[in-house]
file model.cif (mmCIF, C-alpha atoms)
data_input
#
loop_
_atom_site.label_atom_id
_atom_site.label_comp_id
_atom_site.auth_asym_id
_atom_site.auth_seq_id
_atom_site.Cartn_x
_atom_site.Cartn_y
_atom_site.Cartn_z
CA MET C 1303 33.64 -19.21 -34.72
CA GLY C 1304 34.77 -22.86 -35.38
CA ALA C 1305 33.04 -22.83 -38.76
CA VAL C 1306 34.74 -19.57 -39.68
CA ARG C 1307 38.18 -20.95 -38.83
CA MET C 1308 37.46 -24.06 -40.94
CA CYS C 1309 36.50 -21.93 -43.92
CA ILE C 1310 39.68 -19.87 -43.60
CA PHE C 1311 41.73 -23.07 -43.46
CA GLU C 1312 40.03 -24.40 -46.61
CA LEU C 1313 40.73 -21.11 -48.40
CA PHE C 1314 44.37 -21.41 -47.47
CA LEU C 1315 44.52 -24.92 -48.97
CA LEU C 1316 42.82 -23.75 -52.15
CA MET C 1317 45.33 -20.90 -52.49
CA LEU C 1318 48.18 -23.41 -52.19
CA LEU C 1319 46.59 -25.56 -54.89
CA ALA C 1320 46.18 -22.51 -57.08
CA ALA C 1321 49.82 -21.71 -56.70
CA ARG C 1322 50.68 -25.30 -57.58
CA TYR C 1323 48.47 -25.23 -60.66
CA GLU C 1324 50.09 -21.99 -61.81
CA CYS C 1325 53.53 -23.46 -61.35
CA ASN C 1326 52.58 -26.46 -63.51
CA GLU C 1327 51.02 -24.14 -66.09
CA ILE C 1328 47.53 -25.51 -65.74
CA ASP C 1329 45.23 -24.31 -68.44
CA THR C 1330 43.40 -21.03 -67.91
CA LEU C 1331 39.96 -22.68 -67.62
CA SER C 1332 40.96 -24.85 -64.66
CA LEU C 1333 42.56 -21.86 -62.95
CA ASP C 1334 39.41 -19.75 -63.37
CA LYS C 1335 37.36 -22.56 -61.89
CA LEU C 1336 39.66 -22.71 -58.90
CA LYS C 1337 39.45 -18.97 -58.36
CA THR C 1338 35.66 -19.17 -58.48
CA GLU C 1339 35.69 -21.83 -55.77
CA ILE C 1340 37.94 -19.63 -53.65
CA LYS C 1341 35.50 -16.71 -54.02
CA LEU C 1342 32.58 -18.95 -53.10
CA LYS C 1343 34.35 -20.05 -49.95
CA ALA C 1344 35.08 -16.41 -49.06
CA TYR C 1345 31.44 -15.57 -49.66
CA LYS C 1346 30.34 -18.39 -47.36
CA VAL C 1347 32.67 -17.08 -44.64
CA ALA C 1348 31.23 -13.57 -45.03
CA MET C 1349 27.70 -14.98 -44.85
CA GLN C 1350 28.59 -16.90 -41.67
CA GLU C 1351 29.89 -13.72 -40.04
CA ARG C 1352 26.79 -11.82 -41.16
CA ASP C 1353 24.51 -14.51 -39.64
CA GLU C 1354 26.37 -14.22 -36.34
CA GLN C 1355 25.98 -10.42 -36.39
CA ILE C 1356 22.25 -10.78 -37.12
CA ALA C 1357 21.90 -13.20 -34.20
CA LYS C 1358 23.59 -10.68 -31.88
CA ILE C 1359 21.34 -7.87 -33.12
CA GLN C 1360 18.25 -10.05 -32.59
CA GLU C 1361 19.38 -10.77 -29.03
CA GLN C 1362 19.77 -7.04 -28.39
CA LEU C 1363 16.32 -6.40 -29.88
CA HIS C 1364 14.77 -9.02 -27.58
CA SER C 1365 16.42 -7.32 -24.60
CA LEU C 1366 15.12 -3.90 -25.67
CA GLN C 1367 11.64 -5.36 -26.23
CA ALA C 1368 11.65 -6.75 -22.67
CA LYS C 1369 12.62 -3.32 -21.33
CA VAL C 1370 9.85 -1.67 -23.35
CA GLU C 1371 7.29 -4.16 -22.00
CA LEU C 1372 8.50 -3.49 -18.46
CA PHE C 1373 8.21 0.26 -19.05
CA ASP C 1374 4.66 -0.24 -20.39
CA LEU C 1375 3.80 -2.23 -17.24
CA TYR C 1376 5.03 0.56 -14.96
CA SER C 1377 3.24 3.10 -17.14
CA ASN C 1378 -0.06 1.19 -16.79
CA GLU C 1379 0.38 0.94 -13.01
CA ASN C 1380 0.98 4.70 -12.85
CA LYS C 1381 -2.14 5.28 -14.94
CA GLN C 1382 -4.17 3.10 -12.56
CA LEU C 1383 -2.78 5.00 -9.57
CA ILE C 1384 -3.64 8.34 -11.16
CA ALA C 1385 -7.16 7.06 -11.95
CA SER C 1386 -7.59 5.91 -8.35
CA MET C 1387 -6.41 9.27 -7.00
CA LYS C 1388 -8.76 11.09 -9.38
CA SER C 1389 -11.66 8.90 -8.25
CA GLN C 1390 -10.85 9.66 -4.61
CA LEU C 1391 -10.62 13.37 -5.38
CA ASP C 1392 -14.00 13.26 -7.12
CA SER C 1393 -15.52 11.44 -4.13
CA ASN C 1394 -14.08 13.95 -1.67
CA THR C 1395 -15.27 16.83 -3.82
CA GLU C 1396 -18.80 15.41 -3.90
CA ALA C 1397 -18.77 14.78 -0.14
CA LEU C 1398 -17.56 18.33 0.44
CA ARG C 1399 -20.33 19.66 -1.79
CA ILE C 1400 -22.92 17.69 0.21
CA ALA C 1401 -21.50 18.95 3.51
CA LEU C 1402 -21.49 22.57 2.34
CA ASN C 1403 -25.07 22.22 1.09
CA GLN C 1404 -26.10 20.88 4.48
CA ILE C 1405 -24.39 23.79 6.21
CA ALA C 1406 -26.09 26.21 3.84
CA SER C 1407 -29.41 24.51 4.59
CA PHE C 1408 -28.80 24.86 8.32
CA ASN C 1409 -27.96 28.55 7.95
CA SER C 1410 -31.01 29.10 5.74
CA SER C 1411 -33.20 27.41 8.32
CA ILE C 1412 -31.84 29.67 11.04
CA ALA C 1413 -32.31 32.79 8.92
CA THR C 1414 -35.89 31.81 8.02
CA HIS C 1415 -36.83 31.13 11.59
CA GLY C 1416 -35.50 34.20 13.30
CA SER C 1417 -36.79 33.04 16.63
CA SER C 1418 -34.55 29.95 16.59
CA THR C 1419 -32.09 29.97 19.42
CA LYS C 1420 -28.45 28.99 19.40
CA SER C 1421 -29.29 25.79 21.25
CA GLU C 1422 -31.81 24.87 18.55
CA HIS C 1423 -29.17 25.43 15.87
CA LYS C 1424 -26.78 23.16 17.77
CA ALA C 1425 -29.48 20.48 18.14
CA LEU C 1426 -30.16 20.63 14.38
CA ALA C 1427 -26.46 20.20 13.58
CA GLU C 1428 -26.17 17.25 15.95
CA ASP C 1429 -29.24 15.64 14.43
CA GLN C 1430 -27.60 15.81 10.98
CA ALA C 1431 -24.11 14.82 12.20
CA MET C 1432 -21.83 12.84 9.85
CA ASN C 1433 -18.95 12.72 12.36
CA CYS C 1434 -18.10 13.95 15.87
CA MET C 1435 -17.49 17.58 14.91
CA PRO C 1436 -20.97 18.81 16.00
CA PHE C 1437 -20.28 17.30 19.46
CA GLN C 1438 -17.20 19.44 20.03
CA ASN C 1439 -17.00 19.23 23.82
CA SER C 1440 -18.43 15.75 24.21
CA SER C 1441 -16.70 12.50 25.11
CA ASP C 1442 -19.89 10.45 24.98
CA ILE C 1443 -21.60 8.05 22.58
CA HIS C 1444 -23.56 9.66 19.74
CA ASP C 1445 -25.42 8.56 16.62
CA ILE C 1446 -24.20 9.81 13.26
CA PHE C 1447 -25.02 9.13 9.61
CA VAL C 1448 -22.17 8.01 7.34
CA ASN C 1449 -22.57 8.52 3.58
CA GLY C 1450 -22.66 5.17 1.80
CA PHE C 1451 -22.90 3.24 5.08
CA GLY C 1452 -25.87 4.47 7.10
CA HIS C 1453 -26.54 5.16 10.77
CA LEU C 1454 -23.72 4.42 13.19
CA SER C 1455 -23.22 4.77 16.94
CA VAL C 1456 -19.79 6.15 17.77
CA LEU C 1457 -17.72 7.25 20.74
CA CYS C 1458 -16.53 10.84 20.55
CA ASP C 1459 -13.55 12.26 22.45
CA ALA C 1460 -12.81 15.84 23.46
CA GLN C 1461 -10.30 15.19 26.26
CA ILE C 1462 -7.12 13.90 24.62
CA ALA C 1463 -6.40 16.23 21.69
CA GLY C 1464 -9.24 18.78 21.52
CA GLY C 1465 -12.81 18.29 20.39
CA GLY C 1466 -14.46 16.50 17.50
CA TRP C 1467 -12.49 13.22 17.55
CA LEU C 1468 -14.21 9.92 16.70
CA VAL C 1469 -12.67 6.88 18.42
CA VAL C 1470 -11.85 4.06 16.01
CA GLN C 1471 -10.12 1.65 18.40
CA ARG C 1472 -9.54 1.50 22.17
CA ARG C 1473 -7.55 -0.92 24.36
CA PHE C 1474 -6.92 -0.61 28.08
CA ASP C 1475 -7.79 -3.75 30.08
CA GLY C 1476 -7.75 -6.84 27.87
CA SER C 1477 -11.49 -7.51 28.31
CA VAL C 1478 -12.01 -7.97 24.56
CA ASN C 1479 -10.24 -10.50 22.36
CA PHE C 1480 -8.81 -8.78 19.26
CA TYR C 1481 -7.63 -11.98 17.54
CA ARG C 1482 -10.64 -11.98 15.20
CA ASN C 1483 -11.51 -13.08 11.68
CA TRP C 1484 -12.05 -10.94 8.57
CA ALA C 1485 -15.84 -10.65 8.93
CA GLU C 1486 -15.53 -9.40 12.53
CA TYR C 1487 -12.90 -6.79 11.64
CA LYS C 1488 -15.10 -5.69 8.75
CA GLU C 1489 -18.19 -5.21 10.95
CA GLY C 1490 -16.45 -4.16 14.17
CA PHE C 1491 -16.62 -5.69 17.66
CA GLY C 1492 -16.53 -4.89 21.36
CA GLU C 1493 -18.48 -2.29 23.30
CA LEU C 1494 -18.22 1.48 22.93
CA GLU C 1495 -18.21 1.80 26.74
CA GLY C 1496 -15.12 -0.42 26.95
CA GLU C 1497 -12.66 -1.92 24.48
CA PHE C 1498 -13.69 -2.06 20.83
CA PHE C 1499 -12.78 -1.82 17.15
CA LEU C 1500 -15.20 0.32 15.12
CA GLY C 1501 -15.04 -1.76 11.91
CA LEU C 1502 -13.16 -1.51 8.62
CA GLU C 1503 -16.24 -0.99 6.44
CA SER C 1504 -17.49 2.03 8.39
CA LEU C 1505 -13.93 3.34 8.64
CA PHE C 1506 -13.60 3.11 4.85
CA HIS C 1507 -16.79 5.13 4.27
CA LEU C 1508 -15.85 7.69 6.91
CA THR C 1509 -12.43 8.38 5.42
CA LYS C 1510 -13.87 8.31 1.89
CA SER C 1511 -16.56 10.89 2.66
CA LEU C 1512 -14.14 13.61 3.78
CA PRO C 1513 -10.36 13.96 4.24
CA HIS C 1514 -9.54 12.88 7.81
CA GLU C 1515 -6.61 13.15 10.17
CA MET C 1516 -5.75 10.42 12.67
CA TYR C 1517 -4.42 10.60 16.22
CA VAL C 1518 -2.88 7.60 18.02
CA ARG C 1519 -2.39 7.85 21.80
CA LEU C 1520 -0.01 5.35 23.44
CA VAL C 1521 0.60 4.74 27.16
CA ASP C 1522 3.24 2.41 28.63
CA PHE C 1523 3.19 0.67 32.03
CA ASN C 1524 5.09 3.57 33.62
CA ASN C 1525 2.23 5.86 32.48
CA ASN C 1526 4.43 7.62 29.97
CA VAL C 1527 2.31 9.00 27.13
CA ARG C 1528 3.29 9.39 23.49
CA HIS C 1529 1.31 10.16 20.35
CA ALA C 1530 1.49 9.94 16.56
CA ARG C 1531 -0.58 12.19 14.33
CA TYR C 1532 -1.21 11.81 10.59
CA ASP C 1533 -2.89 14.61 8.65
CA ASN C 1534 -4.45 12.63 5.77
CA PHE C 1535 -5.58 9.16 6.87
CA MET C 1536 -7.60 7.00 4.49
CA ILE C 1537 -8.18 3.28 3.87
CA GLY C 1538 -9.48 1.47 0.79
CA SER C 1539 -12.61 -0.60 0.24
CA GLU C 1540 -13.05 -4.31 0.93
CA GLU C 1541 -12.27 -4.97 -2.75
CA GLU C 1542 -8.94 -3.23 -2.08
CA GLN C 1543 -8.52 -5.35 1.08
CA TYR C 1544 -8.96 -2.21 3.21
CA MET C 1545 -5.51 -1.04 2.10
CA LEU C 1546 -3.80 1.68 4.14
CA LYS C 1547 -4.04 4.12 1.23
CA SER C 1548 -2.87 7.36 2.81
CA LEU C 1549 -1.30 8.73 5.99
CA GLY C 1550 -0.26 12.21 5.00
CA THR C 1551 2.32 14.06 7.08
CA TYR C 1552 3.41 12.63 10.42
CA SER C 1553 3.89 14.65 13.61
CA GLY C 1554 4.23 13.65 17.26
CA ASN C 1555 6.74 12.05 19.64
CA ALA C 1556 6.01 8.30 19.29
CA GLY C 1557 7.79 7.81 15.97
CA ASN C 1558 6.38 7.22 12.51
CA ALA C 1559 5.73 3.47 12.85
CA LEU C 1560 2.88 3.27 10.32
CA ALA C 1561 4.96 4.61 7.42
CA TYR C 1562 6.45 1.18 6.70
CA ASN C 1563 3.00 -0.30 6.08
CA LEU C 1564 1.62 2.46 3.86
CA HIS C 1565 -0.20 0.90 0.86
CA ASP C 1566 -0.31 -2.50 2.61
CA SER C 1567 -3.51 -4.53 2.86
CA PHE C 1568 -5.26 -5.54 6.07
CA THR C 1569 -4.66 -9.14 7.14
CA THR C 1570 -6.48 -11.46 9.54
CA TYR C 1571 -5.82 -15.08 10.46
CA ASP C 1572 -8.38 -16.28 7.89
CA GLN C 1573 -7.50 -13.82 5.09
CA ASP C 1574 -3.79 -13.53 4.38
CA ASN C 1575 -3.10 -10.35 2.36
CA ASP C 1576 0.44 -9.60 3.59
CA GLY C 1577 3.74 -9.86 1.71
CA TRP C 1578 5.18 -12.69 3.79
CA SER C 1579 5.22 -15.75 1.51
CA GLN C 1580 6.27 -18.15 4.27
CA GLY C 1581 3.32 -17.53 6.58
CA ASN C 1582 0.57 -15.22 7.83
CA CYS C 1583 1.58 -12.15 9.84
CA ALA C 1584 -1.80 -12.01 11.62
CA VAL C 1585 -1.23 -15.54 12.94
CA TYR C 1586 2.36 -14.75 13.89
CA TYR C 1587 1.46 -11.52 15.73
CA LEU C 1588 -1.93 -12.77 17.05
CA SER C 1589 -3.64 -9.74 15.56
CA GLY C 1590 -5.45 -8.18 12.65
CA TRP C 1591 -3.50 -5.30 11.10
CA TRP C 1592 -1.76 -3.80 8.06
CA TYR C 1593 1.29 -5.93 7.29
CA ASN C 1594 3.88 -6.34 4.54
CA LEU C 1595 6.77 -8.77 5.15
CA TYR C 1596 6.23 -7.86 8.79
CA GLY C 1597 4.63 -5.17 10.90
CA ASN C 1598 6.11 -2.05 12.42
CA SER C 1599 3.25 -1.70 14.92
CA ASN C 1600 0.70 -4.13 16.36
CA LEU C 1601 -2.06 -2.20 18.11
CA ASN C 1602 -4.57 -5.06 17.82
CA GLY C 1603 -2.22 -7.63 19.37
CA ARG C 1604 -2.69 -9.62 22.56
CA TYR C 1605 -3.20 -7.58 25.76
CA PHE C 1606 -0.74 -8.15 28.60
CA ASP C 1607 -1.31 -6.67 32.08
CA LYS C 1608 2.39 -5.89 32.53
CA GLN C 1609 5.32 -4.78 30.43
CA VAL C 1610 6.57 -7.87 28.65
CA HIS C 1611 8.77 -8.23 25.59
CA SER C 1612 6.57 -9.99 23.04
CA GLU C 1613 5.94 -9.59 19.30
CA GLN C 1614 2.37 -10.75 19.97
CA SER C 1615 1.63 -7.90 22.38
CA ILE C 1616 0.38 -4.35 21.71
CA TRP C 1617 3.47 -2.47 20.55
CA TRP C 1618 4.69 0.54 18.57
CA TYR C 1619 8.18 -0.34 17.41
CA ASN C 1620 9.53 3.20 16.97
CA TRP C 1621 8.92 3.94 20.65
CA LYS C 1622 9.20 0.77 22.75
CA GLY C 1623 10.23 -1.90 20.28
CA TYR C 1624 8.34 -5.12 21.07
CA TYR C 1625 7.56 -4.14 24.69
CA ALA C 1626 3.85 -4.32 25.53
CA LEU C 1627 1.89 -1.11 26.00
CA LYS C 1628 -0.69 -0.48 28.72
CA SER C 1629 -3.28 1.30 26.58
CA VAL C 1630 -3.86 2.65 23.10
CA GLN C 1631 -6.55 4.76 21.44
CA MET C 1632 -6.94 5.54 17.73
CA MET C 1633 -9.13 8.49 16.71
CA ILE C 1634 -10.05 10.32 13.50
CA ARG C 1635 -11.74 13.61 12.66
CA PRO C 1636 -12.30 15.65 9.47
CA LYS C 1637 -9.10 17.34 8.38
CA TYR C 1638 -10.89 20.66 7.88
CA THR C 1639 -12.44 21.06 11.30
CA SER C 1640 -14.69 23.95 10.26
CA ILE C 1641 -16.86 21.42 8.37
#
call {"tool": "encode", "arguments": {"input": "model.cif", "output": "structure tokens"}}
result
Amino acid sequence: MGAVRMCIFELFLLMLLAARYECNEIDTLSLDKLKTEIKLKAYKVAMQERDEQIAKIQEQLHSLQAKVELFDLYSNENKQLIASMKSQLDSNTEALRIALNQIASFNSSIATHGSSTKSEHKALAEDQAMNCMPFQNSSDIHDIFVNGFGHLSVLCDAQIAGGGWLVVQRRFDGSVNFYRNWAEYKEGFGELEGEFFLGLESLFHLTKSLPHEMYVRLVDFNNNVRHARYDNFMIGSEEEQYMLKSLGTYSGNAGNALAYNLHDSFTTYDQDNDGWSQGNCAVYYLSGWWYNLYGNSNLNGRYFDKQVHSEQSIWWYNWKGYYALKSVQMMIRPKYTSI
């Protein structure tokens, strides 16, 4: 704007000179020359203003371009999410097709061999088991076959919430150290007869093969029992850092503590995948779990044999805050229990 004011001032001086020349009856040629100079100055002022307007418009265009690029980024992320969901749907559809074919094969076998008894049919189903559903009334250890993973020994449970549940994690006496590295959480550790963690890799393939629900049973040191149930539990692959991809709808009386960490990656002390830039949540909580800036539950934390207030203990914040729990058990089973 300083340049514009200067030009206006110069125009004013030229107009005064023109008036002076007219008063002294300067010849017409000199007066025309003066008028031309005045017009040139006015043109320069107009050009200056135009340049400033162009600069403002360019600034606005840059701002709009940045917004468009941001929109494109969100659009690409949405496309990737849709592609991931479609891939999961395709996988579940294929797994369902395989399961239905197996059931059809079982039924065909029974029809062909009319002398087969009900017990033989049950034995055949158990021999081909992909989860704990064929062992409806059992709370024992069984061998199953997991698509994409292979043979796996698992603990089934029919006492806590009906039959067909497969135990993923169990804590009750502190006999097993759960402050483990990434490789151990991937493969699993502990003993099925006692405390254990099944393993993230097998858990990924189980929840990928069929839609699963999850049941979490919590007990405090006064033997009060609470539970949280999620009707569509699924985790991602190791390449996805075993992300907590889905929980579905919550029900129960313990509070929806896992909701905060939906879509968060699994973190251990030697593989920091959380959102806390100042440290590692697994180290802070002495655990391996799904974390963001912090956790809202810590079921793989340190075991205490009494109710203490500690962020490093086993806790479910929506129920007892940071007070240690006496026992916990996590279980999954196919969402459609007729399969």
call {"tool": "atom_distance", "arguments": {"input": "model.cif", "atom1": "CA of Ser1539 (chain C)", "atom2": "CA of Val1470 (chain C)"}}
result
16.5 Å
call {"tool": "resolve_selection", "arguments": {"input": "model.cif", "expression": "the PyMOL selection byres ((chain C and resi 1499-1510) around 8)", "output": "PDB file with C-alpha atoms, in the frame of the given file"}}
result
ATOM      1  CA  GLN C1390     -10.850   9.660  -4.610  1.00  0.00           C
ATOM      2  CA  SER C1393     -15.520  11.440  -4.130  1.00  0.00           C
ATOM      3  CA  ASN C1394     -14.080  13.950  -1.670  1.00  0.00           C
ATOM      4  CA  VAL C1448     -22.170   8.010   7.340  1.00  0.00           C
ATOM      5  CA  ASN C1449     -22.570   8.520   3.580  1.00  0.00           C
ATOM      6  CA  GLY C1450     -22.660   5.170   1.800  1.00  0.00           C
ATOM      7  CA  PHE C1451     -22.900   3.240   5.080  1.00  0.00           C
ATOM      8  CA  VAL C1456     -19.790   6.150  17.770  1.00  0.00           C
ATOM      9  CA  VAL C1469     -12.670   6.880  18.420  1.00  0.00           C
ATOM     10  CA  VAL C1470     -11.850   4.060  16.010  1.00  0.00           C
ATOM     11  CA  GLN C1471     -10.120   1.650  18.400  1.00  0.00           C
ATOM     12  CA  ARG C1472      -9.540   1.500  22.170  1.00  0.00           C
ATOM     13  CA  GLU C1486     -15.530  -9.400  12.530  1.00  0.00           C
ATOM     14  CA  TYR C1487     -12.900  -6.790  11.640  1.00  0.00           C
ATOM     15  CA  LYS C1488     -15.100  -5.690   8.750  1.00  0.00           C
ATOM     16  CA  GLU C1489     -18.190  -5.210  10.950  1.00  0.00           C
ATOM     17  CA  GLY C1490     -16.450  -4.160  14.170  1.00  0.00           C
ATOM     18  CA  PHE C1491     -16.620  -5.690  17.660  1.00  0.00           C
ATOM     19  CA  GLY C1492     -16.530  -4.890  21.360  1.00  0.00           C
ATOM     20  CA  GLU C1497     -12.660  -1.920  24.480  1.00  0.00           C
ATOM     21  CA  PHE C1498     -13.690  -2.060  20.830  1.00  0.00           C
ATOM     22  CA  SER C1511     -16.560  10.890   2.660  1.00  0.00           C
ATOM     23  CA  LEU C1512     -14.140  13.610   3.780  1.00  0.00           C
ATOM     24  CA  PRO C1513     -10.360  13.960   4.240  1.00  0.00           C
ATOM     25  CA  HIS C1514      -9.540  12.880   7.810  1.00  0.00           C
ATOM     26  CA  PHE C1535      -5.580   9.160   6.870  1.00  0.00           C
ATOM     27  CA  MET C1536      -7.600   7.000   4.490  1.00  0.00           C
ATOM     28  CA  ILE C1537      -8.180   3.280   3.870  1.00  0.00           C
ATOM     29  CA  GLY C1538      -9.480   1.470   0.790  1.00  0.00           C
ATOM     30  CA  SER C1539     -12.610  -0.600   0.240  1.00  0.00           C
ATOM     31  CA  GLU C1540     -13.050  -4.310   0.930  1.00  0.00           C
ATOM     32  CA  TYR C1544      -8.960  -2.210   3.210  1.00  0.00           C
TER      33      TYR C1544
END
call {"tool": "residues_near_point", "arguments": {"input": "model.cif", "point": "(4.6, -9.4, 3.2)", "cutoff": "12 Å", "atoms": "all atoms listed in the file", "output": "list in words"}}
result
Tyr1562, Asn1563, His1565, Asp1566, Ser1567, Phe1568, Thr1569, Asp1574, Asn1575, Asp1576, Gly1577, Trp1578, Ser1579, Gln1580, Gly1581, Asn1582, Cys1583, Ala1584, Trp1592, Tyr1593, Asn1594, Leu1595, Tyr1596, Gly1597 and Asn1598 of chain C
call {"tool": "resolve_selection", "arguments": {"input": "model.cif", "expression": "the PyMOL selection byres ((chain C and resi 1478) around 10)", "output": "PyMOL selection string"}}
result
chain C and resi 1473-1477+1479-1481+1491-1493+1496-1499+1604-1605
call {"tool": "atom_distance", "arguments": {"input": "model.cif", "atom1": "CA of Met1516 (chain C)", "atom2": "CA of Met1633 (chain C)"}}
result
5.6 Å
call {"tool": "resolve_selection", "arguments": {"input": "model.cif", "expression": "the PyMOL selection byres ((chain C and resi 1528) around 9)", "output": "PyMOL selection string"}}
result
chain C and resi 1518-1522+1526-1527+1529-1530+1554-1557+1621
